[in-house]
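**Q** Okay, handing you the structure first.
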Amino acid sequence: MNIIDRRNFLRGSVCAVAATAAGAEAVSAVSISGNPIVKTPGRLIVSPPILMNAAETSVGVTFEVSADASGWVEYSTSPDMSNATRVFSGGTGLMTVDDKLAHIRLTGLKSATKYWYRIGADRIDYKDGYGMKNLGSEMDVRIRSFSTIGAESSGTFCVINDTHDRKEVLDLVLSKVEKLKPSALVWNGDATNSTETKEHGIKIFLHTHEKHPEYASETPLLFVNGNHDLRGRFARKMNELLMFRDPTERSGEYHDLGRNFIQRIGDVALIGMDTGEDKLDTNPLFAGIYQMKAYREKQARWLAEAINSPIVTEAKFKVVFCHIPLFDSRPDANPGDLAPADTAPGYPKNWAAWQRTCANLWGPLFEKAGVQLVITAHQHRFRYDSPDFNRSWAQIVGGGCGLDKMRSDYPTVIEGFVKDGMLKIIAYDVLNEKIIGEYSFS
Ligand SMILES: [Fe+2]
Ligand SMILES: [Fe+2]
């Protein structure tokens, strides 16, 4: 049973009521495209949508299809979908036809605005460049909603991390996120262990947990790479599954920095950075096919410009998200720059516990920008580091993916919001169902 089937099955008795509304919506959809809704063997849309790249004026929509299809999204500022705009996969020009995924990027949206949307796809019978037929549209009749973020918006952000595709952990953290209802969900890396195929990636991000099929259908993601998300053959093509951010957010040499972001939720500027792998490019394990040094340096150049944007300068609070911590007071914590192979006497682990290179590259820019807090992950142990003489920003390290209540690697959800002119951060241990830290920033 696929996810949409299961969802409808679970809704059971309410389906009869929903069917009436669904029928009306279907007629409306046909009138826009001119394509008939046709019955075809098997469903064409086989996952709920996920919303990618929370932003002020854009959002990405991705869902799975079961056969050659060109996906689309209709969106409206009205819950009845009046005056809906339809946007197709691939934007303008040649529309995308794919047998696994539909990606639709909605652009030109108003900031801090609620939209309603529904997804659909045209089934395409494709033989060759002159032999193709549009067999008609299939639509998921559910009307969902999302809100754009921006300086005028209000709301909260939530952070999850290091779920490592462990279903029990995902159940815990996503249950908490559903209760907190954030404006954006930061997935701060290590969603995966190693992603070798697109099919595997689809399972991780589109069929994330059977109890939470709509985990990102109304809450846009801000995805931040962890070191494990950079591993595997398909990791090199992950933007074919997890859309890069809208290219108009950056320019020039930064066109490929598709995971970096500066965005606002009210008075909070959210800054996304990618610390990359936890081993050096020179480590023989990596076969000379990683260029993280250049990647981190390019991000530093991007950041130096980004912090001059009004998105950052006009924000009262600045919060950075990156996977690998940028500070560790333990003398034997591997700092990630032990050339050539991540080993040296006095360091028991041969991988980076923290990222000194990134701290040196980006830390001065955080100081210049007035960053108050850096939220990280990777160590699988919750920790709070206060600012000190050398570092004006605090650091939170998110928890792990352990399920033994006797251990300290419990999973966490970190919530942030502005209240009474202060940035409030609440850290939840979702295994033991308790708050483990509350912090305020002025
Ligand atoms: Fe991890
Ligand atoms: Fe990690």
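Every chain in the structure tokens takes a letter, A first, then B, and so on in the order presented; its residues are numbered from 1, and the ligands are numbered from 1 following the presented order.
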Could you produce a table of the residues of chain A lying within 9 Å of ligand 1, with the nearest pair of atoms per residue and their separation in Å rounded to one decimal, using only C-alpha atoms and all ligand atoms, ordered by chain and increasing residue number, as JSON lines?

**A**
```
{"residue": "A:Asn161", "atom": "CA", "partner": "ligand 1", "partner_atom_place_in_ligand_line": "1 (Fe)", "distance": 7.6}
{"residue": "A:Asp162", "atom": "CA", "partner": "ligand 1", "partner_atom_place_in_ligand_line": "1 (Fe)", "distance": 4.4}
{"residue": "A:Thr163", "atom": "CA", "partner": "ligand 1", "partner_atom_place_in_ligand_line": "1 (Fe)", "distance": 7.3}
{"residue": "A:His164", "atom": "CA", "partner": "ligand 1", "partner_atom_place_in_ligand_line": "1 (Fe)", "distance": 6.6}
{"residue": "A:Gly189", "atom": "CA", "partner": "ligand 1", "partner_atom_place_in_ligand_line": "1 (Fe)", "distance": 7.5}
{"residue": "A:Asp190", "atom": "CA", "partner": "ligand 1", "partner_atom_place_in_ligand_line": "1 (Fe)", "distance": 5.0}
{"residue": "A:Ala191", "atom": "CA", "partner": "ligand 1", "partner_atom_place_in_ligand_line": "1 (Fe)", "distance": 8.1}
{"residue": "A:Thr192", "atom": "CA", "partner": "ligand 1", "partner_atom_place_in_ligand_line": "1 (Fe)", "distance": 8.6}
{"residue": "A:Asn193", "atom": "CA", "partner": "ligand 1", "partner_atom_place_in_ligand_line": "1 (Fe)", "distance": 8.1}
{"residue": "A:Gly226", "atom": "CA", "partner": "ligand 1", "partner_atom_place_in_ligand_line": "1 (Fe)", "distance": 7.3}
{"residue": "A:Asn227", "atom": "CA", "partner": "ligand 1", "partner_atom_place_in_ligand_line": "1 (Fe)", "distance": 7.7}
{"residue": "A:His228", "atom": "CA", "partner": "ligand 1", "partner_atom_place_in_ligand_line": "1 (Fe)", "distance": 7.0}
{"residue": "A:His323", "atom": "CA", "partner": "ligand 1", "partner_atom_place_in_ligand_line": "1 (Fe)", "distance": 8.7}
{"residue": "A:Ala377", "atom": "CA", "partner": "ligand 1", "partner_atom_place_in_ligand_line": "1 (Fe)", "distance": 7.3}
{"residue": "A:His378", "atom": "CA", "partner": "ligand 1", "partner_atom_place_in_ligand_line": "1 (Fe)", "distance": 4.5}
{"residue": "A:Gln379", "atom": "CA", "partner": "ligand 1", "partner_atom_place_in_ligand_line": "1 (Fe)", "distance": 6.5}
{"residue": "A:His380", "atom": "CA", "partner": "ligand 1", "partner_atom_place_in_ligand_line": "1 (Fe)", "distance": 6.2}
{"residue": "A:Gly400", "atom": "CA", "partner": "ligand 1", "partner_atom_place_in_ligand_line": "1 (Fe)", "distance": 6.9}
{"residue": "A:Cys401", "atom": "CA", "partner": "ligand 1", "partner_atom_place_in_ligand_line": "1 (Fe)", "distance": 7.9}
```

**Q** When you look at range 177-185 of chain A with a cut-off of 12 Å (counting only C-alpha atoms), what residues show up, excluding the ones that are within fewer than 4 positions of it in the same chain? I need them as a PyMOL selection string.

**A** chain A and resi 50-56+59+112-114+145-150+153-161+170-173+189+211-224+263-266+270+321+412-417+426+428+430

**Q** For Leu135 in chain A, find every residue with an atom within 7 Å (counting only C-alpha atoms), except residues of its own chain fewer than 3 positions away, and show them as a tab-separated table (two decimals) with N, CA and C atoms, in the first residue's frame.

**A**
```tsv
chain	number	residue	atom	x	y	z
A	122	ASP	N	0.82	15.28	-15.24
A	122	ASP	CA	0.33	14.78	-16.53
A	122	ASP	C	1.10	13.50	-16.86
A	123	ARG	N	0.35	12.44	-17.13
A	123	ARG	CA	1.00	11.17	-17.49
A	123	ARG	C	1.43	11.26	-18.96
A	124	ILE	N	2.66	11.02	-19.21
A	124	ILE	CA	3.22	11.16	-20.56
A	124	ILE	C	3.63	9.79	-21.09
A	125	ASP	N	3.08	9.47	-22.26
A	125	ASP	CA	3.53	8.27	-22.97
A	125	ASP	C	4.61	8.73	-23.96
```

**Q** If we count only C-alpha atoms, what is near Glu196 in chain A at a cut-off of 10 Å, once residues fewer than 5 positions away on the same chain are taken out, given as a short mmCIF file (atom, residue, chain, number, x, y, z; two decimals) with C-alpha atoms, in the first residue's frame?

**A**
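Ended up saving to out.cif:
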```
data_model
loop_
_atom_site.label_atom_id
_atom_site.label_comp_id
_atom_site.auth_asym_id
_atom_site.auth_seq_id
_atom_site.Cartn_x
_atom_site.Cartn_y
_atom_site.Cartn_z
CA GLY A 201 17.11 8.81 -1.27
CA ARG A 231 28.47 10.01 1.21
CA GLY A 232 27.37 7.58 -1.47
CA ARG A 233 27.15 7.56 -5.25
CA PHE A 234 23.79 9.36 -5.29
CA ALA A 235 24.97 11.98 -2.76
CA ARG A 236 26.79 13.54 -5.70
CA LYS A 237 23.42 14.09 -7.37
#
```

**Q** Name the residues in contact with Gly276 in chain A at a cut-off of 8 Å, using only C-alpha atoms, excluding same-chain residues fewer than 4 positions from it; report them as a PyMOL selection string.

**A** chain A and resi 225-227+230+292+295-296

**Q** Taking the backbone alone, and naming residues the way the document does, which bits of range 110-337 of chain A are strand (DSSP E) by DSSP, as a ChimeraX atom specification?

**A** /A:114-128,131-139,144-147,157-160,184-187,221-223,261-265,268-272,317-321

**Q** Provide the CA of Leu106 in chain A to CA of Gly60 in chain A distance in Å, to one decimal place.

**A**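 These two atoms are separated by 6.1 Å.
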
**Q** So which bits of range 338-395 of chain A end up helix (DSSP H, G or I) when you DSSP the backbone, as an mmCIF file with all heavy atoms, in the first residue's frame?

**A**
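Result written to out08.cif:
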```cif
data_model
loop_
_atom_site.group_PDB
_atom_site.id
_atom_site.type_symbol
_atom_site.label_atom_id
_atom_site.label_comp_id
_atom_site.auth_asym_id
_atom_site.auth_seq_id
_atom_site.Cartn_x
_atom_site.Cartn_y
_atom_site.Cartn_z
ATOM 1 N N ARG A 356 37.707 23.133 12.951
ATOM 2 C CA ARG A 356 38.522 24.327 13.210
ATOM 3 C C ARG A 356 38.703 25.162 11.945
ATOM 4 O O ARG A 356 38.737 26.388 12.006
ATOM 5 C CB ARG A 356 39.877 23.899 13.774
ATOM 6 C CG ARG A 356 40.774 25.069 14.151
ATOM 7 C CD ARG A 356 41.806 24.678 15.173
ATOM 8 N NE ARG A 356 42.636 23.557 14.747
ATOM 9 C CZ ARG A 356 43.442 22.872 15.574
ATOM 10 N NH1 ARG A 356 43.511 23.193 16.857
ATOM 11 N NH2 ARG A 356 44.173 21.870 15.139
ATOM 12 N N THR A 357 38.828 24.493 10.805
ATOM 13 C CA THR A 357 38.992 25.242 9.558
ATOM 14 C C THR A 357 37.800 26.164 9.322
ATOM 15 O O THR A 357 37.964 27.346 9.007
ATOM 16 C CB THR A 357 39.142 24.263 8.373
ATOM 17 O OG1 THR A 357 40.286 23.444 8.602
ATOM 18 C CG2 THR A 357 39.300 25.017 7.062
ATOM 19 N N CYS A 358 36.595 25.613 9.483
ATOM 20 C CA CYS A 358 35.396 26.444 9.291
ATOM 21 C C CYS A 358 35.318 27.541 10.348
ATOM 22 O O CYS A 358 34.915 28.676 10.046
ATOM 23 C CB CYS A 358 34.137 25.581 9.338
ATOM 24 S SG CYS A 358 33.969 24.459 7.932
ATOM 25 N N ALA A 359 35.682 27.198 11.585
ATOM 26 C CA ALA A 359 35.653 28.208 12.649
ATOM 27 C C ALA A 359 36.581 29.365 12.309
ATOM 28 O O ALA A 359 36.230 30.542 12.503
ATOM 29 C CB ALA A 359 36.050 27.570 13.979
ATOM 30 N N ASN A 360 37.771 29.051 11.767
ATOM 31 C CA ASN A 360 38.719 30.117 11.421
ATOM 32 C C ASN A 360 38.241 30.928 10.220
ATOM 33 O O ASN A 360 38.457 32.146 10.147
ATOM 34 C CB ASN A 360 40.101 29.520 11.131
ATOM 35 C CG ASN A 360 40.764 28.982 12.404
ATOM 36 O OD1 ASN A 360 40.406 29.398 13.512
ATOM 37 N ND2 ASN A 360 41.690 28.059 12.250
ATOM 38 N N LEU A 361 37.615 30.240 9.256
ATOM 39 C CA LEU A 361 37.152 30.934 8.058
ATOM 40 C C LEU A 361 35.912 31.783 8.332
ATOM 41 O O LEU A 361 35.789 32.907 7.847
ATOM 42 C CB LEU A 361 36.789 29.907 6.967
ATOM 43 C CG LEU A 361 37.911 29.253 6.177
ATOM 44 C CD1 LEU A 361 37.349 28.075 5.376
ATOM 45 C CD2 LEU A 361 38.573 30.255 5.234
ATOM 46 N N TRP A 362 34.981 31.213 9.064
ATOM 47 C CA TRP A 362 33.663 31.837 9.200
ATOM 48 C C TRP A 362 33.500 32.595 10.525
ATOM 49 O O TRP A 362 32.700 33.536 10.596
ATOM 50 C CB TRP A 362 32.561 30.779 9.123
ATOM 51 C CG TRP A 362 32.615 29.879 7.928
ATOM 52 C CD1 TRP A 362 33.281 30.100 6.736
ATOM 53 C CD2 TRP A 362 31.980 28.598 7.786
ATOM 54 N NE1 TRP A 362 33.106 29.038 5.893
ATOM 55 C CE2 TRP A 362 32.302 28.099 6.501
ATOM 56 C CE3 TRP A 362 31.183 27.826 8.618
ATOM 57 C CZ2 TRP A 362 31.844 26.863 6.029
ATOM 58 C CZ3 TRP A 362 30.715 26.602 8.157
ATOM 59 C CH2 TRP A 362 31.052 26.128 6.871
ATOM 60 N N GLY A 363 34.223 32.156 11.560
ATOM 61 C CA GLY A 363 34.053 32.746 12.894
ATOM 62 C C GLY A 363 34.184 34.264 12.903
ATOM 63 O O GLY A 363 33.327 34.969 13.477
ATOM 64 N N PRO A 364 35.259 34.825 12.288
ATOM 65 C CA PRO A 364 35.374 36.297 12.283
ATOM 66 C C PRO A 364 34.187 36.985 11.609
ATOM 67 O O PRO A 364 33.799 38.088 12.007
ATOM 68 C CB PRO A 364 36.677 36.526 11.497
ATOM 69 C CG PRO A 364 37.458 35.253 11.658
ATOM 70 C CD PRO A 364 36.434 34.164 11.704
ATOM 71 N N LEU A 365 33.620 36.330 10.617
ATOM 72 C CA LEU A 365 32.450 36.918 9.936
ATOM 73 C C LEU A 365 31.218 36.846 10.829
ATOM 74 O O LEU A 365 30.365 37.744 10.808
ATOM 75 C CB LEU A 365 32.206 36.191 8.603
ATOM 76 C CG LEU A 365 33.352 36.338 7.590
ATOM 77 C CD1 LEU A 365 33.203 35.352 6.433
ATOM 78 C CD2 LEU A 365 33.432 37.767 7.065
ATOM 79 N N PHE A 366 31.111 35.778 11.615
ATOM 80 C CA PHE A 366 30.009 35.709 12.586
ATOM 81 C C PHE A 366 30.134 36.859 13.597
ATOM 82 O O PHE A 366 29.140 37.479 13.976
ATOM 83 C CB PHE A 366 30.031 34.378 13.354
ATOM 84 C CG PHE A 366 29.769 33.156 12.513
ATOM 85 C CD1 PHE A 366 30.052 31.893 13.017
ATOM 86 C CD2 PHE A 366 29.248 33.247 11.234
ATOM 87 C CE1 PHE A 366 29.814 30.754 12.270
ATOM 88 C CE2 PHE A 366 29.011 32.107 10.470
ATOM 89 C CZ PHE A 366 29.302 30.855 10.996
ATOM 90 N N GLU A 367 31.374 37.107 14.050
ATOM 91 C CA GLU A 367 31.598 38.212 15.003
ATOM 92 C C GLU A 367 31.172 39.529 14.374
ATOM 93 O O GLU A 367 30.468 40.341 14.987
ATOM 94 C CB GLU A 367 33.083 38.295 15.380
ATOM 95 C CG GLU A 367 33.679 37.014 15.925
ATOM 96 C CD GLU A 367 33.471 36.831 17.414
ATOM 97 O OE1 GLU A 367 33.101 37.797 18.095
ATOM 98 O OE2 GLU A 367 33.665 35.684 17.881
ATOM 99 N N LYS A 368 31.611 39.728 13.124
ATOM 100 C CA LYS A 368 31.305 40.982 12.420
ATOM 101 C C LYS A 368 29.800 41.161 12.250
ATOM 102 O O LYS A 368 29.270 42.275 12.390
ATOM 103 C CB LYS A 368 31.992 40.953 11.050
ATOM 104 C CG LYS A 368 31.878 42.225 10.256
ATOM 105 C CD LYS A 368 32.654 42.075 8.941
ATOM 106 C CE LYS A 368 32.388 43.272 8.033
ATOM 107 N NZ LYS A 368 32.936 43.041 6.685
ATOM 108 N N ALA A 369 29.122 40.085 11.969
ATOM 109 C CA ALA A 369 27.672 40.154 11.730
ATOM 110 C C ALA A 369 26.876 40.242 13.029
ATOM 111 O O ALA A 369 25.694 40.564 13.006
ATOM 112 C CB ALA A 369 27.223 38.930 10.938
#
```

**Q** Which residue is closest to ligand 2? Choose from A:Lys316, A:Lys405, A:Arg391, A:Lys279 and count only C-alpha atoms and all ligand atoms.

**A**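 Of all the options, A:Lys279 lies closest to ligand 2.
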
**Q** May I ask for the distance between CA of Val418 in chain A and CA of Leu431 in chain A, given in Å to one decimal place?

**A**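 Atom-to-atom, CA of Val418 in chain A and CA of Leu431 in chain A are spaced 25.8 Å apart.
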